[in-house]
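Okay, structure first, notes after.
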Amino acid sequence: MTPQLAPRSAPGVRRLGAVLWVHDGHRSLSVTAGADVPSFDDPMIRGALVRGALASQSIDALDRVLNRELWALGYVARLEADLTDSSVVLVRIASGR
C-alpha cells in the first residue's frame with residue numbers, strides 16, 4: 001500500500017513515540033494513538049510495532065505486518081505520508097474491534 005497523504009494532527013490523538021524503520025527512503029515511524037486506545041496498552045502496541053518494523057523492508061509489507069501484529073491486540077494501523085518530512089511514515093493506531 002502506498003501511504004496516503006493526510007493531515008498530521010487530529011483531535012483526541014496522543015503520541016506514542018517514534019520507531020526506527022530505515023527502508024524505502026524512510027528513517028522512522030511516527031506513532032500516534034486515537035482516543036479509543038487506552039494508554040495501558042501502549043507497551044504492547046510499541047512491542048508489536050517494533051516486531052513489525054524489524055520484519056518489514058517495504059512500505060507494502062510494513063502495512064500488512066503491522067496490522068497482523070496489532071490485530072492480535074485488538075487494534076489496527078493506518079499508514080500515512082508525513083507532509084512535512086517525507087522520510088517519516090505516520091502510523092495511527094485505532095481500535096479494530
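How things are named: the first chain in the C-alpha cells is A, the next is B, and so on; residues count from 1 in each chain; ligands count from 1 in the order shown.
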Give me, as a PyMOL selection string, all polymer residues having an atom no more than 10 Å from segment 62-79 of chain A, counting only C-alpha atoms and skipping those fewer than 2 positions away in the same chain. chain A and resi 1-6+21+23+29-33+36-37+41+44-60+81-82+89-97
As a PyMOL selection string, list the residues of chain A assigned to strand (DSSP E or B) by DSSP on the backbone atoms of this structure. chain A and resi 4-5+14-20+28-33+75-81+88-95
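Here the alpha helix (DSSP H) residues in segment 11-78 of chain A, by DSSP on the backbone, are Asp42, Pro43, Met44, Ile45, Arg46, Gly47, Ala48, Leu49, Val50, Arg51, Gly52, Ala53, Leu54, Ala55, Ile59, Asp60, Ala61, Leu62, Asp63, Arg64, Val65, Leu66, Asn67, Arg68, Glu69, Leu70 and Trp71 of chain A.
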Find the distance between atom CA of Asp42 of chain A and atom CA of Glu80 of chain A and write it in Å to one decimal. 20.0 Å
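Atom to atom, atom CA of Ala35 of chain A and atom CA of Val22 of chain A stand 28.3 Å apart.
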